[in-house]
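Trainee: What follows is run-v4.cif, made up of mmCIF, C-alpha atoms and all ligand atoms:
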data_entry
#
loop_
_atom_site.label_atom_id
_atom_site.label_comp_id
_atom_site.auth_asym_id
_atom_site.auth_seq_id
_atom_site.Cartn_x
_atom_site.Cartn_y
_atom_site.Cartn_z
CA MET A 1 -49.83 87.58 -90.67
CA PRO A 2 -50.12 83.96 -91.94
CA GLU A 3 -51.87 81.68 -89.48
CA LYS A 4 -49.71 79.17 -87.67
CA ILE A 5 -51.22 75.71 -87.60
CA PHE A 6 -49.78 72.38 -86.50
CA ALA A 7 -50.78 69.06 -84.93
CA ILE A 8 -49.46 66.87 -82.15
CA LYS A 9 -50.35 63.18 -82.18
CA GLY A 10 -50.56 61.05 -79.03
CA ASP A 11 -52.88 59.78 -76.30
CA ILE A 12 -54.94 62.83 -75.27
CA ILE A 13 -56.68 63.15 -71.91
CA PHE A 14 -58.42 66.02 -70.04
CA THR A 15 -61.54 66.79 -67.99
CA GLU A 16 -64.45 68.69 -69.60
CA THR A 17 -66.39 68.27 -66.34
CA ASN A 18 -65.21 67.13 -62.94
CA LYS A 19 -67.16 63.88 -63.29
CA GLN A 20 -64.91 62.01 -65.72
CA PHE A 21 -61.96 62.09 -68.08
CA SER A 22 -62.31 62.65 -71.82
CA THR A 23 -59.87 60.34 -73.61
CA TYR A 24 -58.69 60.18 -77.21
CA LEU A 25 -56.24 57.39 -78.00
CA GLN A 26 -53.83 57.96 -80.88
CA SER A 27 -55.44 61.21 -81.98
CA PHE A 28 -54.35 64.53 -83.44
CA LEU A 29 -54.57 67.72 -81.39
CA VAL A 30 -54.69 70.56 -83.93
CA ILE A 31 -53.50 74.00 -82.81
CA LYS A 32 -54.23 77.14 -84.81
CA ASP A 33 -52.76 80.51 -83.79
CA GLY A 34 -52.20 79.29 -80.23
CA ILE A 35 -55.77 78.00 -79.79
CA VAL A 36 -57.09 74.42 -79.81
CA GLU A 37 -58.77 73.92 -83.20
CA GLY A 38 -59.93 70.36 -82.59
CA ILE A 39 -59.07 66.75 -81.84
CA TYR A 40 -59.26 64.24 -84.69
CA LYS A 41 -58.84 60.48 -84.94
CA ILE A 42 -58.02 60.93 -88.63
CA LEU A 43 -56.67 64.26 -89.77
CA PRO A 44 -59.19 65.88 -92.20
CA GLU A 45 -58.04 66.69 -95.71
CA LYS A 46 -58.16 70.42 -95.07
CA PHE A 47 -55.11 69.96 -92.86
CA ASN A 48 -53.04 68.26 -95.56
CA GLY A 49 -49.51 69.56 -95.44
CA ILE A 50 -49.52 70.96 -91.89
CA SER A 51 -46.67 70.01 -89.62
CA VAL A 52 -47.49 66.92 -87.52
CA SER A 53 -45.38 65.82 -84.58
CA ASP A 54 -46.04 62.20 -83.66
CA LYS A 55 -45.37 61.60 -79.93
CA GLY A 56 -46.16 57.86 -80.04
CA HIS A 57 -47.96 56.78 -76.88
CA ALA A 58 -47.01 59.88 -74.90
CA LEU A 59 -49.80 61.42 -72.82
CA ILE A 60 -51.02 64.83 -73.97
CA LEU A 61 -52.83 66.73 -71.25
CA PRO A 62 -53.59 70.34 -70.28
CA GLY A 63 -50.83 72.24 -68.50
CA PHE A 64 -51.38 72.67 -64.77
CA ILE A 65 -52.56 75.94 -63.27
CA ASP A 66 -51.41 77.06 -59.84
CA LEU A 67 -53.86 79.61 -58.42
CA HIS A 68 -51.99 80.41 -55.23
CA THR A 69 -48.24 80.54 -54.85
CA HIS A 70 -45.62 82.84 -53.30
CA ALA A 71 -42.66 83.27 -55.65
CA ALA A 72 -40.67 85.04 -52.95
CA GLN A 73 -40.83 81.98 -50.70
CA PHE A 74 -39.17 79.72 -53.28
CA ASN A 75 -35.90 79.76 -51.37
CA GLN A 76 -37.41 78.69 -48.04
CA LEU A 77 -39.01 75.42 -49.14
CA GLY A 78 -39.13 72.91 -46.32
CA MET A 79 -38.06 75.40 -43.66
CA GLY A 80 -40.03 76.21 -40.53
CA MET A 81 -42.50 73.39 -40.93
CA ASP A 82 -42.65 72.79 -37.18
CA TYR A 83 -44.52 76.09 -36.78
CA LYS A 84 -48.11 77.13 -37.27
CA LEU A 85 -49.09 80.09 -39.44
CA ILE A 86 -48.37 83.17 -37.30
CA ASP A 87 -45.06 81.90 -35.89
CA TRP A 88 -44.04 80.57 -39.31
CA LEU A 89 -44.55 84.04 -40.76
CA SER A 90 -42.51 85.78 -38.08
CA SER A 91 -39.78 83.14 -37.72
CA TYR A 92 -39.09 82.49 -41.41
CA THR A 93 -41.22 84.08 -44.06
CA PHE A 94 -41.00 87.78 -43.26
CA LYS A 95 -37.21 87.54 -42.97
CA GLU A 96 -36.98 85.81 -46.33
CA GLU A 97 -39.30 88.30 -48.04
CA GLU A 98 -37.16 91.19 -46.77
CA ARG A 99 -34.33 89.93 -48.98
CA PHE A 100 -36.36 90.98 -52.03
CA SER A 101 -35.49 94.59 -51.31
CA SER A 102 -32.39 93.55 -53.29
CA GLU A 103 -33.08 93.45 -57.02
CA LYS A 104 -30.11 91.19 -57.49
CA TYR A 105 -31.55 88.62 -55.10
CA ALA A 106 -35.00 88.94 -56.71
CA GLU A 107 -33.54 88.32 -60.16
CA LYS A 108 -31.83 85.13 -58.96
CA ILE A 109 -34.74 83.60 -57.02
CA TYR A 110 -37.53 84.65 -59.39
CA ARG A 111 -35.65 83.21 -62.36
CA ALA A 112 -35.22 79.89 -60.53
CA PHE A 113 -38.93 79.97 -59.57
CA ALA A 114 -40.07 80.55 -63.17
CA GLU A 115 -37.82 77.78 -64.47
CA GLU A 116 -39.19 75.39 -61.84
CA LEU A 117 -42.78 76.23 -62.84
CA ILE A 118 -41.98 75.04 -66.36
CA ASN A 119 -40.13 71.95 -65.08
CA CYS A 120 -43.29 71.11 -63.13
CA GLY A 121 -45.60 71.52 -66.12
CA THR A 122 -47.32 74.57 -64.63
CA THR A 123 -48.31 76.66 -67.64
CA SER A 124 -50.03 79.51 -65.81
CA ALA A 125 -50.12 80.81 -62.27
CA VAL A 126 -51.45 83.47 -59.92
CA ILE A 127 -48.58 84.72 -57.81
CA PHE A 128 -47.79 86.73 -54.69
CA SER A 129 -44.45 88.57 -54.76
CA THR A 130 -43.47 90.94 -51.92
CA ILE A 131 -44.05 94.61 -51.05
CA HIS A 132 -41.06 95.63 -53.22
CA LYS A 133 -42.29 97.19 -56.47
CA ASN A 134 -38.99 96.94 -58.36
CA SER A 135 -38.69 93.25 -57.54
CA CYS A 136 -42.29 92.69 -58.65
CA ASP A 137 -41.41 94.24 -62.00
CA ILE A 138 -38.47 91.83 -62.23
CA LEU A 139 -40.76 88.85 -61.59
CA CYS A 140 -43.17 90.04 -64.30
CA ARG A 141 -40.34 90.58 -66.78
CA ILE A 142 -38.94 87.07 -66.16
CA LEU A 143 -42.37 85.43 -66.54
CA GLN A 144 -42.88 87.31 -69.78
CA GLU A 145 -39.47 86.24 -71.03
CA LYS A 146 -40.37 82.62 -70.19
CA LYS A 147 -43.81 83.04 -71.87
CA ILE A 148 -45.74 81.93 -68.75
CA PRO A 149 -49.22 83.54 -68.57
CA ALA A 150 -49.69 84.87 -65.04
CA TYR A 151 -51.30 87.27 -62.64
CA VAL A 152 -48.76 88.88 -60.33
CA GLY A 153 -49.57 90.76 -57.13
CA LYS A 154 -47.45 93.36 -55.40
CA VAL A 155 -48.09 92.54 -51.75
CA ASN A 156 -49.44 95.27 -49.46
CA MET A 157 -48.98 95.40 -45.68
CA ASP A 158 -48.81 98.45 -43.43
CA VAL A 159 -49.57 97.24 -39.87
CA ASN A 160 -48.79 94.28 -37.58
CA CYS A 161 -45.64 93.33 -39.43
CA PRO A 162 -41.91 93.87 -38.83
CA SER A 163 -40.65 97.39 -39.55
CA PHE A 164 -38.54 96.14 -42.47
CA LEU A 165 -41.70 95.04 -44.33
CA CYS A 166 -44.08 97.70 -43.09
CA GLU A 167 -45.16 100.14 -45.80
CA ASN A 168 -46.20 103.73 -45.52
CA THR A 169 -49.86 103.59 -46.52
CA ALA A 170 -49.88 106.40 -49.07
CA GLU A 171 -46.65 105.22 -50.71
CA SER A 172 -47.93 101.65 -50.78
CA LEU A 173 -51.04 102.67 -52.69
CA GLN A 174 -49.09 104.92 -55.03
CA GLU A 175 -46.57 102.19 -55.86
CA THR A 176 -49.38 99.71 -56.39
CA GLU A 177 -51.03 102.06 -58.87
CA GLU A 178 -47.70 102.51 -60.69
CA PHE A 179 -47.32 98.72 -60.85
CA ILE A 180 -50.87 98.40 -62.21
CA ASN A 181 -50.28 100.99 -64.91
CA LYS A 182 -47.07 99.35 -65.97
CA TRP A 183 -48.63 95.88 -66.51
CA LYS A 184 -52.38 96.24 -67.00
CA ASP A 185 -52.23 96.30 -70.82
CA ASN A 186 -49.72 93.46 -71.12
CA LEU A 187 -51.18 90.48 -72.98
CA LEU A 188 -49.44 87.82 -70.91
CA ILE A 189 -48.72 89.19 -67.42
CA LYS A 190 -51.53 90.92 -65.52
CA PRO A 191 -51.59 92.73 -62.17
CA ILE A 192 -53.80 91.51 -59.33
CA ILE A 193 -54.65 93.42 -56.12
CA THR A 194 -52.91 91.61 -53.24
CA PRO A 195 -53.40 92.59 -49.60
CA ARG A 196 -51.39 89.91 -47.75
CA PHE A 197 -54.30 89.22 -45.38
CA ALA A 198 -56.61 91.32 -43.25
CA PRO A 199 -54.38 91.51 -40.11
CA THR A 200 -51.47 93.19 -41.92
CA SER A 201 -53.49 95.96 -43.59
CA SER A 202 -54.95 99.10 -42.05
CA ARG A 203 -58.52 100.11 -42.88
CA GLU A 204 -57.08 102.92 -44.98
CA GLN A 205 -54.92 100.54 -47.00
CA LEU A 206 -57.79 98.08 -47.54
CA LYS A 207 -60.02 100.92 -48.70
CA GLY A 208 -57.35 102.21 -51.09
CA LEU A 209 -56.79 98.73 -52.55
CA GLY A 210 -60.52 98.11 -53.00
CA ASP A 211 -60.80 101.47 -54.76
CA LEU A 212 -57.96 100.49 -57.13
CA ALA A 213 -59.60 97.10 -57.85
CA VAL A 214 -62.84 98.84 -58.82
CA LYS A 215 -61.18 101.73 -60.68
CA TYR A 216 -59.13 99.43 -62.94
CA ASN A 217 -61.54 96.46 -62.81
CA LEU A 218 -58.76 94.25 -61.48
CA PRO A 219 -59.03 90.88 -59.76
CA VAL A 220 -58.15 90.47 -56.08
CA GLN A 221 -56.30 87.73 -54.17
CA SER A 222 -55.71 87.20 -50.48
CA HIS A 223 -55.98 84.66 -47.65
CA LEU A 224 -59.12 83.77 -45.69
CA ALA A 225 -59.88 81.60 -42.65
CA GLU A 226 -56.68 79.58 -42.75
CA ASN A 227 -56.05 79.15 -39.04
CA LYS A 228 -58.20 79.52 -35.92
CA ALA A 229 -55.77 81.87 -34.13
CA GLU A 230 -55.72 84.04 -37.26
CA ILE A 231 -59.52 84.25 -37.28
CA ALA A 232 -59.61 85.24 -33.60
CA TRP A 233 -57.01 87.93 -34.33
CA VAL A 234 -59.05 89.34 -37.23
CA ASN A 235 -62.15 89.49 -35.03
CA GLU A 236 -60.13 91.42 -32.44
CA LEU A 237 -58.71 93.83 -35.02
CA PHE A 238 -61.99 94.44 -36.88
CA PRO A 239 -64.75 94.03 -34.25
CA GLU A 240 -67.11 96.16 -36.35
CA CYS A 241 -67.15 93.56 -39.16
CA GLY A 242 -68.43 90.52 -37.28
CA ALA A 243 -66.83 88.01 -39.66
CA TYR A 244 -63.44 87.63 -41.36
CA TYR A 245 -64.79 87.77 -44.92
CA LYS A 246 -66.73 90.94 -44.16
CA VAL A 247 -63.45 92.82 -43.66
CA TYR A 248 -62.68 92.21 -47.34
CA GLU A 249 -66.27 92.62 -48.42
CA GLN A 250 -66.74 96.05 -46.92
CA TYR A 251 -63.67 97.36 -48.76
CA ASN A 252 -64.62 95.98 -52.24
CA LEU A 253 -62.15 93.10 -51.99
CA TYR A 254 -64.58 90.18 -51.92
CA GLY A 255 -66.33 89.47 -55.19
CA GLN A 256 -66.91 93.04 -56.37
CA THR A 257 -64.29 92.08 -58.97
CA LYS A 258 -63.28 88.45 -59.48
CA THR A 259 -61.54 87.25 -56.36
CA LEU A 260 -59.36 84.38 -55.18
CA MET A 261 -59.27 83.49 -51.48
CA ALA A 262 -56.67 80.95 -50.42
CA HIS A 263 -57.56 78.29 -47.82
CA CYS A 264 -61.17 79.00 -46.66
CA ILE A 265 -60.77 76.15 -44.18
CA HIS A 266 -62.76 77.41 -41.21
CA LEU A 267 -65.78 79.03 -42.87
CA THR A 268 -69.21 78.51 -41.33
CA ASP A 269 -71.91 76.74 -43.35
CA ALA A 270 -73.61 80.10 -43.89
CA GLU A 271 -70.34 81.58 -45.15
CA ILE A 272 -69.94 78.69 -47.59
CA LYS A 273 -73.47 79.21 -48.89
CA HIS A 274 -72.72 82.92 -49.32
CA LEU A 275 -69.49 82.08 -51.19
CA ALA A 276 -71.50 80.07 -53.71
CA LYS A 277 -73.44 83.16 -54.74
CA ILE A 278 -70.59 85.57 -55.44
CA ASP A 279 -67.53 85.87 -57.68
CA VAL A 280 -65.05 84.55 -55.12
CA MET A 281 -63.14 81.34 -55.85
CA PRO A 282 -61.73 79.47 -52.85
CA VAL A 283 -58.27 78.06 -53.51
CA HIS A 284 -57.48 74.76 -51.87
CA CYS A 285 -53.84 74.47 -50.74
CA PRO A 286 -53.76 71.08 -49.00
CA ASP A 287 -49.99 70.75 -48.87
CA SER A 288 -49.64 74.05 -47.04
CA ASN A 289 -52.61 73.28 -44.78
CA MET A 290 -51.02 70.01 -43.66
CA ASN A 291 -47.55 71.51 -43.17
CA LEU A 292 -48.79 74.38 -40.96
CA THR A 293 -51.37 72.17 -39.19
CA SER A 294 -54.06 74.61 -40.32
CA GLY A 295 -56.88 72.17 -40.98
CA ILE A 296 -58.65 70.55 -43.95
CA MET A 297 -60.72 72.60 -46.35
CA PRO A 298 -64.24 71.10 -46.54
CA ALA A 299 -63.92 70.71 -50.30
CA ARG A 300 -66.79 68.23 -50.73
CA LYS A 301 -69.12 70.49 -48.79
CA MET A 302 -68.20 73.33 -51.16
CA LEU A 303 -68.62 71.20 -54.29
CA ASN A 304 -72.06 70.18 -53.01
CA GLU A 305 -72.94 73.89 -52.99
CA GLY A 306 -71.85 74.22 -56.62
CA ILE A 307 -68.67 76.16 -55.80
CA ASN A 308 -65.78 75.99 -58.29
CA ILE A 309 -62.62 75.30 -56.25
CA GLY A 310 -59.11 76.22 -57.39
CA LEU A 311 -55.91 74.47 -56.38
CA GLY A 312 -52.67 76.06 -55.21
CA SER A 313 -49.18 74.94 -54.24
CA ASP A 314 -48.89 77.82 -51.72
CA ILE A 315 -45.14 77.51 -51.51
CA GLY A 316 -43.31 78.04 -49.16
CA ALA A 317 -45.95 76.82 -46.69
CA GLY A 318 -46.49 74.13 -49.32
CA HIS A 319 -43.14 72.47 -49.98
CA GLU A 320 -43.30 71.89 -53.73
CA LEU A 321 -44.59 73.45 -56.94
CA PHE A 322 -45.36 70.13 -58.68
CA MET A 323 -49.16 70.21 -58.99
CA PRO A 324 -49.66 66.42 -59.28
CA ASN A 325 -48.36 66.16 -55.70
CA VAL A 326 -50.78 68.89 -54.62
CA MET A 327 -53.59 66.93 -56.30
CA VAL A 328 -52.67 63.79 -54.39
CA ARG A 329 -52.56 65.75 -51.13
CA ALA A 330 -56.04 67.11 -51.93
CA ILE A 331 -57.38 63.58 -52.37
CA GLN A 332 -55.62 62.27 -49.28
CA SER A 333 -56.77 65.13 -47.06
CA SER A 334 -60.34 64.64 -48.32
CA LYS A 335 -60.03 61.00 -47.21
CA ILE A 336 -59.00 62.10 -43.72
CA TYR A 337 -61.96 64.50 -43.74
CA ASN A 338 -64.20 61.61 -44.80
CA MET A 339 -62.95 59.52 -41.87
CA GLN A 340 -64.04 62.35 -39.56
CA HIS A 341 -67.24 63.27 -41.42
CA ASN A 342 -68.66 60.17 -43.03
CA GLU A 343 -71.28 62.10 -45.00
CA TYR A 344 -68.67 63.89 -47.14
CA LYS A 345 -67.14 61.45 -49.58
CA PRO A 346 -63.50 61.82 -50.66
CA LEU A 347 -62.48 63.69 -53.82
CA SER A 348 -61.91 61.62 -56.95
CA LEU A 349 -58.92 61.86 -59.26
CA ALA A 350 -61.11 63.38 -61.99
CA GLU A 351 -62.33 66.03 -59.54
CA VAL A 352 -58.88 67.17 -58.47
CA PHE A 353 -57.48 66.96 -62.00
CA TYR A 354 -60.34 69.21 -63.06
CA MET A 355 -59.50 71.61 -60.19
CA ALA A 356 -55.85 71.85 -61.30
CA THR A 357 -56.76 72.45 -64.96
CA LYS A 358 -60.17 73.62 -66.14
CA GLY A 359 -61.41 74.62 -62.67
CA CYS A 360 -58.44 76.91 -62.04
CA GLY A 361 -58.56 77.91 -65.69
CA LYS A 362 -61.90 79.64 -65.19
CA PHE A 363 -60.00 82.41 -63.48
CA PHE A 364 -58.17 82.92 -66.80
CA ASP A 365 -61.40 82.46 -68.85
CA ASN A 366 -60.33 79.89 -71.43
CA ARG A 367 -57.42 77.88 -70.11
CA GLY A 368 -57.09 74.44 -68.59
CA SER A 369 -58.84 72.26 -71.18
CA LEU A 370 -58.14 70.87 -74.63
CA GLU A 371 -61.64 71.58 -75.92
CA ASN A 372 -62.02 73.69 -79.05
CA GLY A 373 -61.36 77.37 -78.49
CA TYR A 374 -59.18 76.94 -75.40
CA GLN A 375 -55.68 78.36 -75.27
CA ALA A 376 -53.30 75.60 -76.30
CA ASP A 377 -51.53 75.08 -72.96
CA PHE A 378 -50.50 71.44 -72.83
CA LEU A 379 -47.89 68.91 -71.76
CA VAL A 380 -46.34 65.94 -73.50
CA ILE A 381 -45.61 63.20 -70.95
CA ASP A 382 -43.47 60.19 -71.70
CA LEU A 383 -43.94 57.38 -69.19
CA PRO A 384 -41.65 54.36 -68.95
CA GLU A 385 -42.22 51.87 -71.75
CA TYR A 386 -43.47 49.18 -69.31
CA LYS A 387 -46.52 51.32 -68.43
CA GLN A 388 -47.88 51.20 -71.97
CA ASN A 389 -50.25 48.28 -71.47
CA ALA A 390 -52.29 50.22 -68.94
CA SER A 391 -55.35 52.20 -70.04
CA LEU A 392 -55.02 55.93 -70.71
CA GLU A 393 -56.77 56.80 -67.44
CA GLU A 394 -54.54 54.39 -65.52
CA ARG A 395 -51.43 55.90 -67.06
CA LEU A 396 -52.66 59.37 -66.08
CA ALA A 397 -53.29 58.13 -62.53
CA TYR A 398 -49.77 56.68 -62.42
CA PHE A 399 -48.32 60.00 -63.54
CA VAL A 400 -50.29 61.98 -60.95
CA TYR A 401 -49.51 59.65 -58.04
CA SER A 402 -46.08 58.29 -58.86
CA GLY A 403 -44.86 60.34 -61.78
CA GLU A 404 -41.90 62.63 -61.74
CA LYS A 405 -41.11 65.95 -63.35
CA LYS A 406 -38.62 64.21 -65.62
CA TYR A 407 -41.51 62.51 -67.47
CA ILE A 408 -42.65 65.92 -68.76
CA LYS A 409 -40.90 66.07 -72.11
CA GLU A 410 -42.50 69.21 -73.55
CA CYS A 411 -44.50 72.07 -72.18
CA TYR A 412 -46.58 74.52 -74.29
CA ALA A 413 -48.41 77.74 -73.43
CA ASN A 414 -50.53 79.58 -76.00
CA GLY A 415 -49.38 77.00 -78.58
CA LYS A 416 -45.72 77.92 -78.06
CA LYS A 417 -43.16 75.56 -76.63
CA ILE A 418 -41.88 77.02 -73.36
CA SER A 419 -39.73 74.15 -72.08
ZN ZN B 501 -50.45 81.94 -49.31
#
Output the file's structure in the form of structure tokens.
Ligand SMILES: [Zn+2]

Mentor:
Amino acid sequence: MPEKIFAIKGDIIFTETNKQFSTYLQSFLVIKDGIVEGIYKILPEKFNGISVSDKGHALILPGFIDLHTHAAQFNQLGMGMDYKLIDWLSSYTFKEEERFSSEKYAEKIYRAFAEELINCGTTSAVIFSTIHKNSCDILCRILQEKKIPAYVGKVNMDVNCPSFLCENTAESLQETEEFINKWKDNLLIKPIITPRFAPTSSREQLKGLGDLAVKYNLPVQSHLAENKAEIAWVNELFPECGAYYKVYEQYNLYGQTKTLMAHCIHLTDAEIKHLAKIDVMPVHCPDSNMNLTSGIMPARKMLNEGINIGLGSDIGAGHELFMPNVMVRAIQSSKIYNMQHNEYKPLSLAEVFYMATKGCGKFFDNRGSLENGYQADFLVIDLPEYKQNASLEERLAYFVYSGEKKYIKECYANGKKIS
């Protein structure tokens, strides 16, 4: 097959490290077979004749990565925000998720969700669906159609949940294995083991899911230490474990294969130090944490321990998919944390931009940057003409803080235009 090579010219910006931005004014981003080949101020002769698309002073930056989001909660955005976690689940979320027993409803909402991801410049995501296997397949099919690289989890829950969402344990594990076998060899959409959270799984289900993670070498995602009442409940349900994370750990769901844990707000210092040593990435979901009055993740404390933190929209507890808004919330909540704990300085824009791109991208191996060899997932952003006198970093800051989805003119994943 002949190689496909092309270049995009514009003002390129990304974060190689979380310390600062790398900027390339009026430069060429060369893409070969879906991979970043290089960035050049002047296009070398060897590229004579390749197609070049000049975007003027548009910003070119990596696509955003959302490491924690619930596709099945897309139709409940903004609802139930006066509740805290447990009441929010029972008053709104479980009822909404039950609707995904209908494939027709799943088709409608999951299509709208996937389209909104692209509108928001999110070029890959790690997603919770619901317990319903057929609807999960529909979500995977739609993401594939839209060319959005993703991990998708069929949710498992077999205790402490309403009867209409409560699975039979053996059937739940069997359907999960069928779902795994259907998607594990797909190049774009991958399965991920997804117990909702410790309280809604029996020991038997957790053991079965951990066994599947190890058997197929699959990643795991769940929730950890989001809310104090939740932690007390877990300690009551699993007194033999002695700590929330140990429930996952003892069933091979905590770092035995690569693992994402959303929230991690109320971990002890010892638990944070432990986290730094294993293959578990905490996912910061500040929008959700504010909405459900859950608390503020001690992100600076984790960074000080060398932990790589991911970022997630966590809709519908978060109320929007647009990652720049999640980034701003992460900075603002770190400022509140700083006002309470002076020794932990707030997060910088470069740090949260890194989280939403290269930091999250580590879960996918080589996404989230525009360095050579990375998958060419990028956005072309056209800001109003009057912003053009600002520096490249200032224009990026404007986009993150005050930008709108409408400024995203083009969206690429794996070097292919998906918008
Ligand atoms: Zn969540």

Trainee: With a distance cut-off of 12 Å and all atoms listed in the file, select the neighbouring residues of A:Tyr40, excluding the residue or stretch itself and same-chain residues fewer than 2 positions from it, and output the selection as number ranges by chain.

Mentor: A: 7-12, 23-31, 36-38, 42-45, 47, 371-372

Trainee: For the residues selected in the previous step, produce a file with C-alpha atoms as a PDB file, keeping the file's coordinate frame.

Mentor:
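Resulting contents of part21.pdb:
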ATOM      1  CA  ALA A   7     -50.780  69.060 -84.930  1.00  0.00           C
ATOM      2  CA  ILE A   8     -49.460  66.870 -82.150  1.00  0.00           C
ATOM      3  CA  LYS A   9     -50.350  63.180 -82.180  1.00  0.00           C
ATOM      4  CA  GLY A  10     -50.560  61.050 -79.030  1.00  0.00           C
ATOM      5  CA  ASP A  11     -52.880  59.780 -76.300  1.00  0.00           C
ATOM      6  CA  ILE A  12     -54.940  62.830 -75.270  1.00  0.00           C
ATOM      7  CA  THR A  23     -59.870  60.340 -73.610  1.00  0.00           C
ATOM      8  CA  TYR A  24     -58.690  60.180 -77.210  1.00  0.00           C
ATOM      9  CA  LEU A  25     -56.240  57.390 -78.000  1.00  0.00           C
ATOM     10  CA  GLN A  26     -53.830  57.960 -80.880  1.00  0.00           C
ATOM     11  CA  SER A  27     -55.440  61.210 -81.980  1.00  0.00           C
ATOM     12  CA  PHE A  28     -54.350  64.530 -83.440  1.00  0.00           C
ATOM     13  CA  LEU A  29     -54.570  67.720 -81.390  1.00  0.00           C
ATOM     14  CA  VAL A  30     -54.690  70.560 -83.930  1.00  0.00           C
ATOM     15  CA  ILE A  31     -53.500  74.000 -82.810  1.00  0.00           C
ATOM     16  CA  VAL A  36     -57.090  74.420 -79.810  1.00  0.00           C
ATOM     17  CA  GLU A  37     -58.770  73.920 -83.200  1.00  0.00           C
ATOM     18  CA  GLY A  38     -59.930  70.360 -82.590  1.00  0.00           C
ATOM     19  CA  ILE A  42     -58.020  60.930 -88.630  1.00  0.00           C
ATOM     20  CA  LEU A  43     -56.670  64.260 -89.770  1.00  0.00           C
ATOM     21  CA  PRO A  44     -59.190  65.880 -92.200  1.00  0.00           C
ATOM     22  CA  GLU A  45     -58.040  66.690 -95.710  1.00  0.00           C
ATOM     23  CA  PHE A  47     -55.110  69.960 -92.860  1.00  0.00           C
ATOM     24  CA  GLU A 371     -61.640  71.580 -75.920  1.00  0.00           C
ATOM     25  CA  ASN A 372     -62.020  73.690 -79.050  1.00  0.00           C
TER      26      ASN A 372
END

Trainee: Please list as a CSV table (one decimal) with C-alpha atoms, keeping the file's coordinate frame every residue within 8 Å of A:Arg367, counting all atoms listed in the file and excluding residues in the same chain fewer than 3 positions away.

Mentor:
chain,number,residue,atom,x,y,z
A,357,THR,CA,-56.8,72.4,-65.0
A,358,LYS,CA,-60.2,73.6,-66.1
A,361,GLY,CA,-58.6,77.9,-65.7
A,362,LYS,CA,-61.9,79.6,-65.2
A,364,PHE,CA,-58.2,82.9,-66.8
A,374,TYR,CA,-59.2,76.9,-75.4
A,375,GLN,CA,-55.7,78.4,-75.3
A,376,ALA,CA,-53.3,75.6,-76.3
A,377,ASP,CA,-51.5,75.1,-73.0

Trainee: Which one of A:Asp33, A:Glu226, A:Glu204, A:Glu343 sits closest to ligand ZN 501 (chain B) if you count only C-alpha atoms and all ligand atoms?

Mentor: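 Smallest separation from ligand ZN 501 (chain B) among the options: A:Glu226.
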
Trainee: What are the closest atom pairs, with distances in Å to one decimal, for each residue of chain A lying within 7 Å of ligand ZN 501 (chain B), using only C-alpha atoms and all ligand atoms, rows by chain and rising residue number, as a tab-separated table?

Mentor:
residue	atom	partner	partner_atom	distance
A:His68	CA	B:ZN501	ZN	6.3
A:Thr69	CA	B:ZN501	ZN	6.1
A:His70	CA	B:ZN501	ZN	6.3
A:His223	CA	B:ZN501	ZN	6.4
A:Ala262	CA	B:ZN501	ZN	6.4
A:Asp314	CA	B:ZN501	ZN	5.0

Trainee: Would you compute the distance between atom CA of A:Leu260 and atom CA of A:Pro282? Give it in Å to one decimal.

Mentor: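 Separation of atom CA of A:Leu260 and atom CA of A:Pro282: 5.9 Å.
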
Trainee: So how far away is atom CA of A:Met323 from atom CA of A:Gln20, in Å?

Mentor: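 Computed distance, atom CA of A:Gln20 to atom CA of A:Met323, equals 19.0 Å.
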
Trainee: For the point (-43.8, 54.8, -68.3) in file coordinates, what residues are within 12 Å, counting all atoms listed in the file? Give the answer as a list in words?

Mentor: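 Checked against the point, the hits come out as His57, Ala58, Leu59, Ile381, Asp382, Leu383, Pro384, Glu385, Tyr386, Lys387, Gln388, Asn389, Ala390, Ser391, Leu392, Glu394, Arg395, Leu396, Ala397, Tyr398, Phe399, Ser402, Gly403, Glu404, Lys406, Tyr407 and Ile408 of chain A.
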
Trainee: Produce a file of the selected residues containing C-alpha atoms, as a compact mmCIF listing (two decimals), in the frame of the given file.

Mentor:
# COMPACT_ATOMS: atom_id res chain seq x y z
CA HIS A 57 -47.96 56.78 -76.88
CA ALA A 58 -47.01 59.88 -74.90
CA LEU A 59 -49.80 61.42 -72.82
CA ILE A 381 -45.61 63.20 -70.95
CA ASP A 382 -43.47 60.19 -71.70
CA LEU A 383 -43.94 57.38 -69.19
CA PRO A 384 -41.65 54.36 -68.95
CA GLU A 385 -42.22 51.87 -71.75
CA TYR A 386 -43.47 49.18 -69.31
CA LYS A 387 -46.52 51.32 -68.43
CA GLN A 388 -47.88 51.20 -71.97
CA ASN A 389 -50.25 48.28 -71.47
CA ALA A 390 -52.29 50.22 -68.94
CA SER A 391 -55.35 52.20 -70.04
CA LEU A 392 -55.02 55.93 -70.71
CA GLU A 394 -54.54 54.39 -65.52
CA ARG A 395 -51.43 55.90 -67.06
CA LEU A 396 -52.66 59.37 -66.08
CA ALA A 397 -53.29 58.13 -62.53
CA TYR A 398 -49.77 56.68 -62.42
CA PHE A 399 -48.32 60.00 -63.54
CA SER A 402 -46.08 58.29 -58.86
CA GLY A 403 -44.86 60.34 -61.78
CA GLU A 404 -41.90 62.63 -61.74
CA LYS A 406 -38.62 64.21 -65.62
CA TYR A 407 -41.51 62.51 -67.47
CA ILE A 408 -42.65 65.92 -68.76

Trainee: Could you pull the residues within 6 Å of stretch 77-87 of chain A, counting only C-alpha atoms, minus those fewer than 5 positions along the same chain, as a CSV table (one decimal) with C-alpha atoms, keeping the file's coordinate frame?

Mentor:
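Dumped to selection-v4.csv:
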chain,number,residue,atom,x,y,z
A,291,ASN,CA,-47.6,71.5,-43.2
A,292,LEU,CA,-48.8,74.4,-41.0
A,316,GLY,CA,-43.3,78.0,-49.2
A,319,HIS,CA,-43.1,72.5,-50.0
